[in-house]
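Accompanying notes for the structure given below.
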Amino acid sequence: MPEHSQGRTRQSAIGRDLSQSLLALLRSLSQQPCHHADYLLQTLGKALQALLGQLDIDVPEGDPRFSHPGWQATMPQRILQLWYAWQQPLNAWLNGLEMAEHERAQLRWLLEQVAAAVAPSNSLLNPEVLDAARQSRGHSLCRGAHNLWTDLASGRPFAQPNLDTRHLLGRDIACSPGQVIARHAEFELLCYQPLTDRVHNTPLLIVPPPINRFYLLDLTPDTSLIRHALQQGLQVYLISWRNPNPSHCNWGLGRYVSASQRALSECLQHSASPQATLTGVCSGGLIAALLCAWQQAAGRPSQLNALSLLVTPLDTRLQTDLMRLSGPATRQRLRQRVWRDGYLDARSSGALFGWMRPEQLVWIPAVTRYGLGRELKDCPVSTWGHDHTRLPAQLVEDLLDLFDRDPLGQPGSLQLNGEAIDLSAVTLPSWHLAARRDHIVPWQNSYPGTRLGGEKVFNLCHSGHIQGLLCPPGHPRAHFQHGQVTCASADAWLATAEAQQGSWWLAWTGWLKRYSGGLISAPTHADGGHGPAPGQYVQQQ
């Protein structure tokens with residue numbers, strides 16, 4: 001295993017984290033017999049009430065698993081309440097267990113997976129499945145069995161839509177017109193054609209995350225953040241990351257920051273502008289923030305006017321199911337695996353995100369495809385969501401180091417390309433977006449607080465990680481909270497934040513235009529010799 005910027009991988013924690021948590025649970029049976037007996041009696045009592053129809057539990061409003069009218073019948077309702085009965089006292093039981101906090105978190109995750117898996121909607125007791133079988137004279141179950149066999153034979157980790165030619169890159173999705181103006185080992189640089197007669201003379205460079213493809217930001221003409229920025233008179237450049245292979249195993253944060261610096265220099269040269277504004281998304285936001293801090297530490301002339309970060313974890317102490325589940329042994333095995341293969345494979349990264357929302361991403365598609373015998377809807381978001389990419393081993397190592405140590409909160413703790421990183425020394429004005437229902441980057445982790453210097457504006461939309469980004473103007477339910485960052489605490493900010501109706505897109509581009517210079521005639525970009533957008537790298541498997 002090669003050396004890297006954070007030193008050699010630690011050799012520790014042999015064994016399985018989840019197994020250790022289960023052993024801790026077994027030990028608690030003898031240490032806390034009364035606690036377990038109390039939970040068992042409560043569960044049996046509620047189960048009896050459910051069977052007798054005396055348990056008053058309302059199905060969560062809007063849960064698509066139980067939207068079929070058949071669930072209101074007496075027997076399905078009692079089955080549903082029986083399923084809820086054992087979960088009701090679960091939190092009190094877990095909180096009362098005498099064990100380490102990470103072991104409790106792992107048990108909680110495991111029980112949530114069990115609860116999602118044994119939901120009555122996943123069985124032949126589902127009224128919707130029974131109705132479909134009755135109306136089709138059993139053909140729906142036969143089609144479902146065929147779909148299951150096909151997916152098992154093809155090695156699919158989850159039920160997935162059969163992707164066809166309805167959503168082609170460059171035609172239906174990622175179709176904003178532009179050119180690839182540079183191609184390097186790590187990335188292609190895209191320059192989009194202006195959509196207005198006059199544009200701001202300071203360009204915008206967007207750094208997307210290295211995981212998944214960039215075109216979530218240019219999904220369809222109606223949901224394209226890039227197209228919206230172009231319509232607002234911004235000149236837009238974007239990095240399209242390469243899908244790495246084993247020969248790129250040593251690409252880490254330092255390499256991605258250097259690549260972003262090269263993209264920035266080429267963006268400025270191509271636009272004939274001395275400065276640019278910079279936007280980063282999720283892990284691409286980390287790269288963008290580190291680029292700003294690296295430039296500051298290296299004493300380089302300022303090439304940036306402003307920074308905006310979308311759903312970016314400036315505080316990398318992520319309290320998510322995935323982080324709570326992955327203890328020292330799990331992370332050690334992950335390190336060993338990625339260095340053996342040279343990368344984290346696309347299937348594993350997709351599975352990690354899928355099991356963070358099993359009800360929505362695993363079981364509802366499974367019931368549709370295998371229980372109802374229907375093909376899953378192939379929508380643009382689904383196409384993007386199943387288009388996973390690999391991550392180089394060194395980048396995985398560096399991200400794990402961020403999660404383990406949180407060096408961004410300790411100035412000088414992270415060394416990057418020969419410089420000590422201090423985010424608080426960055427004085428650029430910055431604009432931040434977080435999503436209240438984000439299960440990947442909890443919104444509090446996106447709050448800059450005192451970690452980043454300069455004047456800061458924070459915005460909180462009320463969707464999840466993906467849907468929060470797809471919020472074009474005119475969205476009927478769009479709203480967000482907005483305010484200057486004047487205190488260290490995210491909760492204190494929330495108490496004084498101003499509610500805003502509509503899409504955050506307009507607030508974002510309105511803020512960017514303040515730092516994007518005067519208006520000039522829109523340039524016509526000639527063929528850069530590397531072909532049209534969306535380029536070649538986005539199509540590499």
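A note on labels: chains of the structure tokens are A, B, ... as shown, every chain counts residues from 1, and ligands are counted from 1 in their shown order.
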TODO: Enumerate the residues of segment 76-214 of chain A with a DSSP assignment of strand (DSSP E or B), computed from the backbone, and present them as a list in words.
DONE: Leu169, Ile173, Gly178, Gln179, Val180, Ile181, Ala182, Arg183, Phe187, Glu188, Leu189, Leu190, Cys191, Tyr192, Arg198, Val199, His200, Leu204, Leu205, Ile206 and Val207 of chain A
For segment 145-155 of chain A: contacts at 12 Å, only C-alpha atoms, fewer than 4 positions along chain excluded, given as a ChimeraX atom specification:
/A:138-141,159-162,347,365-376
Practice prompt. Using only C-alpha atoms, pick whichever of A:Leu400, A:Leu204, A:Ala85, A:Leu29 has the shortest atom-to-atom distance to Leu304 of chain A.
Written response: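 The closest residue to Leu304 of chain A is A:Leu204.
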Near-Gln444 of chain A list (9 Å; only C-alpha atoms; drop same-chain fewer than 2 positions) as a PDB file with C-alpha atoms, in the first residue's frame:
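What landed in result27.pdb:
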ATOM      1  CA  PRO A 313     -19.914  19.081   4.486  1.00  0.00           C
ATOM      2  CA  ASP A 315     -17.910  19.852   9.162  1.00  0.00           C
ATOM      3  CA  ALA A 434     -28.065  22.912   2.788  1.00  0.00           C
ATOM      4  CA  ARG A 436     -33.176  19.923   5.768  1.00  0.00           C
ATOM      5  CA  VAL A 441     -24.896  15.557   4.389  1.00  0.00           C
ATOM      6  CA  PRO A 442     -27.007  16.633   7.410  1.00  0.00           C
ATOM      7  CA  SER A 446     -23.016  22.329   5.777  1.00  0.00           C
ATOM      8  CA  TYR A 447     -23.248  25.334   8.076  1.00  0.00           C
ATOM      9  CA  PRO A 448     -19.938  27.256   7.766  1.00  0.00           C
ATOM     10  CA  SER A 489     -24.278  27.673  15.907  1.00  0.00           C
ATOM     11  CA  ALA A 490     -26.502  26.379  13.109  1.00  0.00           C
ATOM     12  CA  ASP A 491     -29.479  26.191  15.473  1.00  0.00           C
TER      13      ASP A 491
END
Self-check item: DSSP-assigned helix (DSSP H, G or I) members of segment 416-519 of chain A, reported as JSON, numbers by chain
Solution: {"A": [423, 424, 425, 443, 444, 445, 446, 490, 491, 492, 493, 494, 495, 496, 504, 505, 506, 507, 508, 509, 510, 511, 512, 513]}
*Shell of 12 Å around segment 412-425 of chain A, only C-alpha atoms, local chain residues under 2 positions omitted, as a ChimeraX atom specification*: /A:4-7,252-259,261,286-300,314-315,398-399,401-402,405-410,427-429,448-456
Practice item. Select, from A:Gln303, A:Gln113, A:Ser176, A:Gln332, the residue with the minimum atom-to-atom distance to Leu230 of chain A, counting only C-alpha atoms. Key: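 Of the candidates, the smallest distance to Leu230 of chain A is held by A:Ser176.
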Here atom CA of Tyr192 of chain A and atom CA of Ser308 of chain A stand apart by 19.1 Å
With distances taken over only C-alpha atoms, the candidate from A:Thr202, A:Ala497, A:Pro472, A:Leu94 nearest Asp222 of chain A is A:Pro472
If you measure from atom CA of Leu512 of chain A to atom CA of Tyr237 of chain A, what distance in Å do you get, rounded to one decimal?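 Spanning atom CA of Leu512 of chain A to atom CA of Tyr237 of chain A is a straight-line distance of 14.1 Å.
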_Residue among A:Ala100, A:Tyr537, A:Cys379, A:Ala117 lying closest to Arg357 of chain A, counting only C-alpha atoms_ =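 Result for the nearest residue to Arg357 of chain A: A:Ala117.
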If we count only C-alpha atoms, what is near Glu359 of chain A at a cut-off of 8 Å, once residues fewer than 4 positions away on the same chain are taken out, given as a ChimeraX atom specification? /A:116,363-364
Between atom CA of Pro203 of chain A and atom CA of His530 of chain A lies a distance of 20.5 Å
Inset, instruction - Find the residue from A:Asp341, A:Asp218, A:Glu103, A:Asp197 that sits nearest to Leu23 of chain A; use only C-alpha atoms when measuring. - result: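 Checking each of A:Asp341, A:Asp218, A:Glu103, A:Asp197 against Leu23 of chain A, counting only C-alpha atoms, the winner is A:Glu103.
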The residue from A:Arg213, A:Arg437, A:Lys513, A:Arg331 with the smallest atom-to-atom distance to His386 of chain A, counting only C-alpha atoms, is A:Arg213
